[in-house]
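input.pdb (PDB, N, CA and C atoms) appears below.
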```
ATOM      1  N   MET A   5     150.190 106.180  50.472
ATOM      2  CA  MET A   5     151.287 106.563  49.600
ATOM      3  C   MET A   5     151.134 105.876  48.248
ATOM      4  N   ASP A   6     151.326 106.629  47.180
ATOM      5  CA  ASP A   6     151.242 106.078  45.836
ATOM      6  C   ASP A   6     152.495 105.278  45.522
ATOM      7  N   ASP A   7     152.285 104.182  44.800
ATOM      8  CA  ASP A   7     153.396 103.336  44.390
ATOM      9  C   ASP A   7     153.935 103.876  43.069
ATOM     10  N   LYS A   8     155.140 104.386  43.084
ATOM     11  CA  LYS A   8     155.765 104.964  41.896
ATOM     12  C   LYS A   8     155.962 103.895  40.832
ATOM     13  N   ILE A   9     155.724 104.261  39.578
ATOM     14  CA  ILE A   9     155.947 103.370  38.441
ATOM     15  C   ILE A   9     157.317 103.701  37.850
ATOM     16  N   LEU A  10     158.140 102.677  37.709
ATOM     17  CA  LEU A  10     159.479 102.837  37.147
ATOM     18  C   LEU A  10     159.513 102.265  35.738
ATOM     19  N   LEU A  11     160.064 103.024  34.815
ATOM     20  CA  LEU A  11     160.243 102.569  33.437
ATOM     21  C   LEU A  11     161.607 101.904  33.302
ATOM     22  N   THR A  12     161.822 101.253  32.186
ATOM     23  CA  THR A  12     163.095 100.578  31.944
ATOM     24  C   THR A  12     164.272 101.520  32.195
ATOM     25  N   ASN A  13     164.219 102.724  31.669
ATOM     26  CA  ASN A  13     165.332 103.665  31.860
ATOM     27  C   ASN A  13     165.548 104.007  33.328
ATOM     28  N   ASP A  14     164.464 104.052  34.105
ATOM     29  CA  ASP A  14     164.599 104.299  35.545
ATOM     30  C   ASP A  14     165.370 103.165  36.210
ATOM     31  N   ILE A  15     165.071 101.934  35.801
ATOM     32  CA  ILE A  15     165.756 100.761  36.356
ATOM     33  C   ILE A  15     167.232 100.790  35.971
ATOM     34  N   LEU A  16     167.505 101.077  34.701
ATOM     35  CA  LEU A  16     168.887 101.124  34.231
ATOM     36  C   LEU A  16     169.674 102.187  34.986
ATOM     37  N   GLN A  17     169.050 103.313  35.213
ATOM     38  CA  GLN A  17     169.710 104.404  35.927
ATOM     39  C   GLN A  17     169.864 104.065  37.416
ATOM     40  N   ARG A  18     168.859 103.449  38.013
ATOM     41  CA  ARG A  18     168.895 103.101  39.440
ATOM     42  C   ARG A  18     170.101 102.233  39.773
ATOM     43  N   TYR A  19     170.388 101.257  38.884
ATOM     44  CA  TYR A  19     171.480 100.315  39.132
ATOM     45  C   TYR A  19     172.724 100.586  38.297
ATOM     46  N   GLN A  20     172.670 101.608  37.436
ATOM     47  CA  GLN A  20     173.797 101.945  36.560
ATOM     48  C   GLN A  20     174.212 100.723  35.731
ATOM     49  N   ILE A  21     173.222 100.130  35.041
ATOM     50  CA  ILE A  21     173.453  98.940  34.228
ATOM     51  C   ILE A  21     172.950  99.180  32.803
ATOM     52  N   SER A  22     173.310  98.270  31.904
ATOM     53  CA  SER A  22     172.843  98.318  30.519
ATOM     54  C   SER A  22     171.588  97.458  30.372
ATOM     55  N   ARG A  23     170.935  97.593  29.236
ATOM     56  CA  ARG A  23     169.748  96.765  28.957
ATOM     57  C   ARG A  23     170.107  95.277  28.946
ATOM     58  N   SER A  24     171.253  94.944  28.397
ATOM     59  CA  SER A  24     171.632  93.530  28.357
ATOM     60  C   SER A  24     171.870  92.993  29.767
ATOM     61  N   THR A  25     172.406  93.803  30.653
ATOM     62  CA  THR A  25     172.596  93.374  32.042
ATOM     63  C   THR A  25     171.245  93.148  32.705
ATOM     64  N   LEU A  26     170.294  94.025  32.443
ATOM     65  CA  LEU A  26     168.945  93.842  32.999
ATOM     66  C   LEU A  26     168.354  92.520  32.509
ATOM     67  N   TYR A  27     168.558  92.208  31.241
ATOM     68  CA  TYR A  27     168.088  90.933  30.698
ATOM     69  C   TYR A  27     168.731  89.765  31.452
ATOM     70  N   PHE A  28     170.034  89.816  31.657
ATOM     71  CA  PHE A  28     170.719  88.743  32.378
ATOM     72  C   PHE A  28     170.204  88.628  33.807
ATOM     73  N   TRP A  29     170.003  89.748  34.455
ATOM     74  CA  TRP A  29     169.492  89.734  35.824
ATOM     75  C   TRP A  29     168.114  89.082  35.890
ATOM     76  N   SER A  30     167.325  89.224  34.815
ATOM     77  CA  SER A  30     165.949  88.715  34.790
ATOM     78  C   SER A  30     165.849  87.250  34.385
ATOM     79  N   THR A  31     166.945  86.660  33.950
ATOM     80  CA  THR A  31     166.946  85.291  33.446
ATOM     81  C   THR A  31     167.610  84.375  34.465
ATOM     82  N   PRO A  32     166.826  83.455  35.088
ATOM     83  CA  PRO A  32     167.379  82.629  36.171
ATOM     84  C   PRO A  32     168.701  81.926  35.853
ATOM     85  N   ASN A  33     168.841  81.381  34.659
ATOM     86  CA  ASN A  33     170.088  80.661  34.368
ATOM     87  C   ASN A  33     171.226  81.580  33.916
ATOM     88  N   ARG A  34     170.978  82.891  33.866
ATOM     89  CA  ARG A  34     172.019  83.834  33.468
ATOM     90  C   ARG A  34     172.282  84.910  34.517
ATOM     91  N   MET A  35     171.469  84.936  35.573
ATOM     92  CA  MET A  35     171.643  85.979  36.592
ATOM     93  C   MET A  35     172.954  85.760  37.340
ATOM     94  N   PRO A  36     173.481  86.795  37.959
ATOM     95  CA  PRO A  36     174.738  86.653  38.702
ATOM     96  C   PRO A  36     174.630  85.587  39.795
ATOM     97  N   SER A  37     175.689  84.881  40.019
ATOM     98  CA  SER A  37     175.679  83.813  41.026
ATOM     99  C   SER A  37     175.461  84.361  42.431
ATOM    100  N   THR A  38     175.688  85.629  42.616
ATOM    101  CA  THR A  38     175.467  86.244  43.933
ATOM    102  C   THR A  38     173.986  86.525  44.197
ATOM    103  N   PHE A  39     173.151  86.440  43.160
ATOM    104  CA  PHE A  39     171.717  86.672  43.326
ATOM    105  C   PHE A  39     171.050  85.398  43.809
ATOM    106  N   ILE A  40     170.137  85.533  44.739
ATOM    107  CA  ILE A  40     169.342  84.413  45.229
ATOM    108  C   ILE A  40     168.136  84.200  44.306
ATOM    109  N   CYS A  41     167.631  85.288  43.739
ATOM    110  CA  CYS A  41     166.477  85.206  42.839
ATOM    111  C   CYS A  41     166.627  86.233  41.718
ATOM    112  N   PRO A  42     165.994  85.962  40.572
ATOM    113  CA  PRO A  42     166.125  86.874  39.430
ATOM    114  C   PRO A  42     165.377  88.181  39.653
ATOM    115  N   PHE A  43     165.753  89.165  38.863
ATOM    116  CA  PHE A  43     165.071  90.450  38.877
ATOM    117  C   PHE A  43     163.622  90.228  38.459
ATOM    118  N   PRO A  44     162.665  90.909  39.098
ATOM    119  CA  PRO A  44     161.246  90.658  38.773
ATOM    120  C   PRO A  44     160.867  91.078  37.363
ATOM    121  N   LYS A  45     159.906  90.364  36.826
ATOM    122  CA  LYS A  45     159.357  90.715  35.520
ATOM    123  C   LYS A  45     158.462  91.944  35.699
ATOM    124  N   PRO A  46     158.341  92.770  34.661
ATOM    125  CA  PRO A  46     157.468  93.946  34.772
ATOM    126  C   PRO A  46     156.017  93.505  34.992
ATOM    127  N   THR A  47     155.308  94.202  35.861
ATOM    128  CA  THR A  47     153.921  93.833  36.162
ATOM    129  C   THR A  47     152.912  94.881  35.720
ATOM    130  N   VAL A  48     153.391  96.008  35.244
ATOM    131  CA  VAL A  48     152.508  97.063  34.776
ATOM    132  C   VAL A  48     152.576  97.073  33.259
ATOM    133  N   GLN A  49     151.413  96.987  32.626
ATOM    134  CA  GLN A  49     151.397  96.951  31.167
ATOM    135  C   GLN A  49     151.854  98.272  30.576
ATOM    136  N   GLY A  50     152.478  98.182  29.424
ATOM    137  CA  GLY A  50     152.921  99.371  28.710
ATOM    138  C   GLY A  50     154.267  99.161  28.067
ATOM    139  N   ASN A  51     154.587 100.067  27.203
ATOM    140  CA  ASN A  51     155.858 100.054  26.530
ATOM    141  C   ASN A  51     156.442 101.449  26.656
ATOM    142  N   PRO A  52     157.608 101.641  27.211
ATOM    143  CA  PRO A  52     158.561 100.632  27.658
ATOM    144  C   PRO A  52     158.042  99.860  28.878
ATOM    145  N   LYS A  53     158.796  98.818  29.251
ATOM    146  CA  LYS A  53     158.417  97.985  30.379
ATOM    147  C   LYS A  53     158.325  98.833  31.644
ATOM    148  N   ARG A  54     157.427  98.379  32.563
ATOM    149  CA  ARG A  54     157.163  99.155  33.770
ATOM    150  C   ARG A  54     157.081  98.256  34.989
ATOM    151  N   TRP A  55     157.616  98.755  36.084
ATOM    152  CA  TRP A  55     157.606  98.040  37.366
ATOM    153  C   TRP A  55     157.052  98.961  38.435
ATOM    154  N   ARG A  56     156.436  98.390  39.445
ATOM    155  CA  ARG A  56     156.069  99.159  40.634
ATOM    156  C   ARG A  56     157.315  99.254  41.517
ATOM    157  N   GLU A  57     157.576 100.435  42.031
ATOM    158  CA  GLU A  57     158.758 100.623  42.864
ATOM    159  C   GLU A  57     158.734  99.694  44.075
ATOM    160  N   SER A  58     157.562  99.449  44.635
ATOM    161  CA  SER A  58     157.463  98.560  45.803
ATOM    162  C   SER A  58     157.943  97.148  45.469
ATOM    163  N   GLU A  59     157.688  96.684  44.234
ATOM    164  CA  GLU A  59     158.153  95.356  43.822
ATOM    165  C   GLU A  59     159.674  95.319  43.696
ATOM    166  N   ILE A  60     160.248  96.413  43.234
ATOM    167  CA  ILE A  60     161.701  96.494  43.096
ATOM    168  C   ILE A  60     162.348  96.494  44.483
ATOM    169  N   ILE A  61     161.776  97.243  45.392
ATOM    170  CA  ILE A  61     162.304  97.288  46.760
ATOM    171  C   ILE A  61     162.172  95.915  47.418
ATOM    172  N   LYS A  62     161.066  95.250  47.172
ATOM    173  CA  LYS A  62     160.876  93.899  47.714
ATOM    174  C   LYS A  62     161.941  92.954  47.154
ATOM    175  N   TRP A  63     162.242  93.070  45.865
ATOM    176  CA  TRP A  63     163.282  92.235  45.253
ATOM    177  C   TRP A  63     164.642  92.551  45.869
ATOM    178  N   GLU A  64     164.944  93.838  46.027
ATOM    179  CA  GLU A  64     166.232  94.222  46.619
ATOM    180  C   GLU A  64     166.410  93.556  47.988
ATOM    181  N   ASP A  65     165.350  93.528  48.768
ATOM    182  CA  ASP A  65     165.403  92.864  50.076
ATOM    183  C   ASP A  65     165.508  91.346  49.916
ATOM    184  N   ALA A  66     164.773  90.790  48.952
ATOM    185  CA  ALA A  66     164.716  89.335  48.764
ATOM    186  C   ALA A  66     166.021  88.743  48.255
ATOM    187  N   VAL A  67     166.805  89.521  47.541
ATOM    188  CA  VAL A  67     168.071  89.024  46.999
ATOM    189  C   VAL A  67     168.937  88.463  48.129
ATOM    190  N   HIS A  68     168.740  88.967  49.319
ATOM    191  CA  HIS A  68     169.531  88.540  50.466
ATOM    192  C   HIS A  68     168.815  87.495  51.333
ATOM    193  N   ARG A  69     167.531  87.224  51.015
ATOM    194  CA  ARG A  69     166.764  86.251  51.797
ATOM    195  C   ARG A  69     165.994  85.358  50.840
ATOM    196  N   PRO A  70     166.455  84.147  50.556
ATOM    197  CA  PRO A  70     165.863  83.286  49.513
ATOM    198  C   PRO A  70     164.391  82.973  49.745
ATOM    199  N   THR A  71     163.902  82.987  50.950
ATOM    200  CA  THR A  71     162.497  82.650  51.174
ATOM    201  C   THR A  71     161.562  83.744  50.693
ATOM    202  N   ASP A  72     162.113  84.934  50.388
ATOM    203  CA  ASP A  72     161.288  86.059  49.968
ATOM    204  C   ASP A  72     161.306  86.290  48.448
ATOM    205  N   CYS A  73     161.923  85.409  47.688
ATOM    206  CA  CYS A  73     162.042  85.625  46.245
ATOM    207  C   CYS A  73     160.671  85.718  45.583
ATOM    208  N   ILE A  74     160.600  86.635  44.645
ATOM    209  CA  ILE A  74     159.388  86.866  43.851
ATOM    210  C   ILE A  74     159.525  86.033  42.581
ATOM    211  N   GLN A  75     158.560  85.251  42.264
ATOM    212  CA  GLN A  75     158.610  84.439  41.038
ATOM    213  C   GLN A  75     157.557  84.828  40.066
TER
END
```

What is this structure when it is put down as structure tokens?
Amino acid sequence: MDDKILLTNDILQRYQISRSTLYFWSTPNRMPSTFICPFPKPTVQGNPKRWRESEIIKWEDAVHRPTDCIQ
């Protein structure tokens, strides 16, 4: 199975958030207190920023299990 590439707008739409919220989620000292780990940094080069969907799914799971946080 191919790993889908998500652009910034895909992420914003997936979570129904603004760009500034995505920034806060990605910054350890500004992320919501309910998060165990920050949102992952983009790993696919390009502009706009790009993420592998598998990494996003891994983060979604890790938010609830601190030992799985992606750094």

Task: Counting only C-alpha atoms, the residue of A:Ile61, A:Gly50, A:Val67, A:Leu10 that sits nearest Trp29 of chain A - done: A:Val67

Open item on the list: Selection in question (the file shown): the PyMOL selection byres (((chain A and resi 32 and name CA) around 12) and name CA). Which residues does it include, as a ChimeraX atom specification?
Closed with: /A:26-31,33-45,73-75

Task: Length of the atom CA of Leu16 of chain A to atom CA of Glu64 of chain A vector [Å] - done: 14.4 Å

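In this comparison, which uses all atoms listed in the file, the residue of A:Pro46, A:Glu57, A:Asn51, A:Arg23 approaching Lys8 of chain A most closely is A:Glu57.
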
Task: Distance in Å - atom C of Tyr19 of chain A versus atom CA of Asp65 of chain A - done: 15.9 Å

- [ ] Around the point (167.1, 100.1, 31.5), in the coordinates given by the file, pick out the residues reaching within 7 Å, counting only N, CA and C atoms, and return them as a list in words.
- [x]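 Output: Leu11, Thr12, Asn13, Asp14, Ile15, Leu16, Gln17, Ile21, Ser22, Arg23 and Leu26 of chain A.
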
Okay, now the selection with N, CA and C atoms, as an mmCIF file, keeping the file's coordinate frame?
```
data_model
loop_
_atom_site.group_PDB
_atom_site.id
_atom_site.type_symbol
_atom_site.label_atom_id
_atom_site.label_comp_id
_atom_site.auth_asym_id
_atom_site.auth_seq_id
_atom_site.Cartn_x
_atom_site.Cartn_y
_atom_site.Cartn_z
ATOM 1 N N LEU A 11 160.064 103.024 34.815
ATOM 2 C CA LEU A 11 160.243 102.569 33.437
ATOM 3 C C LEU A 11 161.607 101.904 33.302
ATOM 4 N N THR A 12 161.822 101.253 32.186
ATOM 5 C CA THR A 12 163.095 100.578 31.944
ATOM 6 C C THR A 12 164.272 101.520 32.195
ATOM 7 N N ASN A 13 164.219 102.724 31.669
ATOM 8 C CA ASN A 13 165.332 103.665 31.860
ATOM 9 C C ASN A 13 165.548 104.007 33.328
ATOM 10 N N ASP A 14 164.464 104.052 34.105
ATOM 11 C CA ASP A 14 164.599 104.299 35.545
ATOM 12 C C ASP A 14 165.370 103.165 36.210
ATOM 13 N N ILE A 15 165.071 101.934 35.801
ATOM 14 C CA ILE A 15 165.756 100.761 36.356
ATOM 15 C C ILE A 15 167.232 100.790 35.971
ATOM 16 N N LEU A 16 167.505 101.077 34.701
ATOM 17 C CA LEU A 16 168.887 101.124 34.231
ATOM 18 C C LEU A 16 169.674 102.187 34.986
ATOM 19 N N GLN A 17 169.050 103.313 35.213
ATOM 20 C CA GLN A 17 169.710 104.404 35.927
ATOM 21 C C GLN A 17 169.864 104.065 37.416
ATOM 22 N N ILE A 21 173.222 100.130 35.041
ATOM 23 C CA ILE A 21 173.453 98.940 34.228
ATOM 24 C C ILE A 21 172.950 99.180 32.803
ATOM 25 N N SER A 22 173.310 98.270 31.904
ATOM 26 C CA SER A 22 172.843 98.318 30.519
ATOM 27 C C SER A 22 171.588 97.458 30.372
ATOM 28 N N ARG A 23 170.935 97.593 29.236
ATOM 29 C CA ARG A 23 169.748 96.765 28.957
ATOM 30 C C ARG A 23 170.107 95.277 28.946
ATOM 31 N N LEU A 26 170.294 94.025 32.443
ATOM 32 C CA LEU A 26 168.945 93.842 32.999
ATOM 33 C C LEU A 26 168.354 92.520 32.509
#
```

Open item on the list: I'd like the interatomic distance between atom CA of Trp55 of chain A and atom CA of Asp7 of chain A, to a tenth of an Å.
Closed with: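 These two atoms are separated by 9.8 Å.
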
Axis-aligned box for segment 56-61 of chain A, 4 Å per side, centre and edges in Å as JSON:
```
{"center_x": 159.2, "center_y": 98.0, "center_z": 43.4, "size_x": 14.3, "size_y": 13.3, "size_z": 16.0}
```

Task: All helix (DSSP H, G or I) residues (DSSP, backbone) inside chain A, as a list in words - done: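 In chain A, DSSP puts these residues in helix (DSSP H, G or I): Thr12, Asn13, Asp14, Ile15, Leu16, Gln17, Arg18, Tyr19, Arg23, Ser24, Thr25, Leu26, Tyr27, Phe28, Trp29, Ser30, Glu57, Ser58, Glu59, Ile60, Ile61, Lys62, Trp63, Glu64, Asp65, Ala66, Pro70, Thr71 and Asp72 of chain A.
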